[in-house]
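Novice: Here it is, the structure, as structure tokens.
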Amino acid sequence: MWGYVLKRTLSIIPVSGVVAVLAFLLLRLSPGDPAIIMAGDSATAEQIAAMRSHMGLDQPLVAQFLLWLSHILRGDLGVSLHSAVPVTEMIGGRVGPTLALAVTTMTFSVLVAIPMGLLAAWARGTSLDRAIMALAVLGFSAPVFVTGYTLVWLLSIKAGWFPIQGYAGLSEGFWAFARHIALPALSLSTIYVALIARICRSSILEILNEDFIRTARAKGAGETTVFLRHALRNAAVPIVTVIGLGAAFLISGVVVAESVFNIPGVGRLVVESVLARDYPLIQALILLFSCVYILLNLVIDLSYTLLDPRIRY
Amino acid sequence: MMPPARSLAPALPVHAVPASLLRRAAGNWTVTLAATVLGLMVAAAVFAPLLSSHSPLDISPTTRIKPPSAAFWFGTDMLGRDIYTRVLYGARTSLVVGVVAAVLSIALGLVFGLLAGYFRLLDAILMRIMDGIMSVPSIVLAVALVAVAGSSLGTVLVAIVIPEFPRVVRLVRGVILNARTEPYVEAAISMGTPLPRLLWLHMIPNTVAPLIVQGSFILASAILTEAALSFLGVGLPAEVPSWGNIMSDGRKFFQMLPGLIFFPGIFLALTVLSINLIGDVLRDALDPRLARRR
């Protein structure tokens with residue numbers, strides 16, 4: 001098993017390498033002199049010359065890439081063109097709200113989706129099943145910004161239960177935090193709930209055909225035991241897989257939701273950095289989001305052995 | 001991007017499809033409804049100039065931010081443009097972007113998928129690159145591409161296709177790898193069938209059914225991505241009537257005139273929903289292995 005852990009962990013190297021090349025090429029492929037782009041429009045001739053030697057622009061492309069990579073591995077991702085602050089610092093200050101939003105969304109989605117999937121599988125073929133699955137397709141099709149604005153219109157503007165936008169950290173008290181995070185998390189979770197509920201239902205239905213389910217029923221186990229102890233536990237692997245794959249939706253959703261709800265997180269920073277053409281920041285954000293995604297899927301792949309003792313590598 | 005629930009196994013031969021498809025579609029009212037909605041959207045896109053007496057670009061300073069009325073069915077935006085007209089033309093933008101992006105992704109995915117599935121040497125390299133592209137979240141990659149190349153229709157298309165096509169590559173590669181082990185393919189190879197003929201007659205037909213389904217989901221996802229990019233202000237140029245752009249214009253006036261967001265939003269959600277519903281039925285009809293679970 002440790003062999004597998006090592007092999008799987010090492011497998012992120014080529015993928016990360018491709019991501020690094022993509023992020024590197026993005027800047028080199030953009031029209032204009034990379035040194036001027038990285039130094040900013042207002043840079044003096046000396047600053048541009050310094051940037052040129054820092055980036056090794058007089059060397060071959062491969063050498064430039066290696067130089068760039070060595071900077072990145074040492075944590076030097078460059079300085080923002082607009083605030084002159086290191087981009088790592090800028091991103092660091094924005095991680096909190098995004099993390100809070102993502103964790104709230106994931107927790108809420110899992111808590112809602114798994115009972116939904118179980119219920120649909122239990123009532124398979126009935127109108128309840130069809131209603132839940134229709135809801136799932138609806139959740140999958142509703143764009144985050146449409147759901148977001150609908151919730152704001154109904155629950156904030158009309159009912160006045162929630163603030164219209166903005167963010168409050170946990171330091172401002174749990175109640176303020178919860179009130180601000182509720183609507184963004186709710187609008188982000190529709191896609192996630194739909195994904196998880198669907199996979200939960202279909203994996204449980206598949207598992208219900210297995211021999212051990214028949215054995216359990218033959219022993220006289222009640223339906224609750226069959227569903228929760230035997231079926232759901234065995235559906236854990238596909239459910240966890242879809243949670244990992246759904247992280248990509250979550251990341252995309254965060255970018256949109258933070259703009260809708262005016263949350264000062266990393267997602268909105270992506271849009272701000274693009275509108276301001278802040279290339280060092282864009283590059284750093286691509287690397288950050290990709291690393292999070294790659295590492296998350298690594299953790300999920302490795303967790304299979306814990307979830308299902310039958311999986312041995 | 002596609003959820004795993006939609007991954008496809010190689011399906012039935014193509015000629016077996018239409019009968020079972022029709023049987024499933026008939027009597028299924030959700031599909032009828034979805035097809036009707038989609039048909040209406042296509043009609044709105046095609047006949048937009050006939051359905052409105054306004055122009056989607058005409059600025060009118062005297063009628064800015066007006067609520068819906070007999071003259072302006074959905075109201076007007078901050079430049080006095082008629083929202084109803086812009087939403088109709090928005091259907092045109094969305095469907096064109098969606099269809100072109102889906103066709104491009106499928107074409108690219110088919111070519112690279114065939115290469116990866118057939119030439120083992122290329123496979124390892126190609127699939128690592130595809131894994132790399134797929135691990136950059138699509139909207140971040142799209143936004144970054146727009147930052148580099150500026151906002152235009154071409155950039156938005158590239159920004160949608162690049163994150164999308166690796167998934168098609170993976171799908172086609174899987175189908176081809178499977179087909180290669182089939183006795184009829186082995187027979188064709190042993191008879192000395194030339195490669196182009198082998199691919200065209202024995203391999204590609206296997207990919208048609210899964211690609212139709214995948215194509216419908218790419219269509220929905222491309223329409224959503226374009227809307228999201230335009231909504232964020234990094235998509236199509238601001239004057240282009242697209243649902244995302246109309247909503248982006250409406251953000252500042254949401255409390256005053258929520259229709260600026262809701263009208264295009266409803267059109268967007270209905271279009272994506274009907275495409276997804278049709279895609280679901282297509283998948284069940286084309287992939288009997290999944291349908292049997294119901």
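Identifiers in this document derive from the order of the structure tokens: chains are assigned A, B, ..., residues are numbered from 1 separately in each chain, and ligands are numbered from 1 in order of occurrence.
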Which parts of range 55-243 of chain B does DSSP call helix (DSSP H, G or I) when run on the backbone here, written out as number ranges by chain?
Specialist: B: 61-63, 83-118, 120-134, 138-149, 153-180, 183-190, 195-231, 243
Novice: Determine, counting only C-alpha atoms, which protein, DNA and RNA residues have an atom within 7 Å of an atom of Val15 in chain A; residues of the same chain fewer than 2 positions away are not included. Present the result as a list of chain:residue names.
Specialist: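 Final neighbour list, sorted by chain and number: A:Ile12, A:Ile13, A:Gly17, A:Val18, A:Val19, B:Arg128, B:Asp131, B:Gly132.
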Novice: Using only C-alpha atoms and a distance of at most 6 Å, pull out the residues of chain A that contact chain B, as an MDAnalysis selection string.
Specialist: chainID A and resid 15 18:19 30 141:142 146 248 252 274 290
Novice: Considering only C-alpha atoms, return as an MDAnalysis selection string whatever protein or nucleic-acid residues lie within 10 Å of Val46 in chain B, sequence-local ones (same chain, fewer than 5 positions apart) excluded.
Specialist: chainID B and resid 40:41 51 88:89 91:92
Novice: May I have the selected residues written with C-alpha atoms, as a PDB file, in the first residue's frame?
Specialist:
```
ATOM      1  CA  LEU B  40     -38.468  28.536 -29.027  1.00  0.00           C
ATOM      2  CA  MET B  41     -34.940  29.700 -28.154  1.00  0.00           C
ATOM      3  CA  LEU B  51     -39.714  39.708 -33.302  1.00  0.00           C
ATOM      4  CA  LEU B  88     -33.665  37.900 -28.124  1.00  0.00           C
ATOM      5  CA  TYR B  89     -30.348  38.683 -29.787  1.00  0.00           C
ATOM      6  CA  ALA B  91     -30.228  33.837 -27.664  1.00  0.00           C
ATOM      7  CA  ARG B  92     -28.433  34.172 -30.985  1.00  0.00           C
TER       8      ARG B  92
END
```
Novice: Rounded to one decimal, what separation in Å do you get between CA of Met133 in chain A and CA of Ala113 in chain A?
Specialist: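 Computed distance, CA of Met133 in chain A to CA of Ala113 in chain A, equals 11.1 Å.
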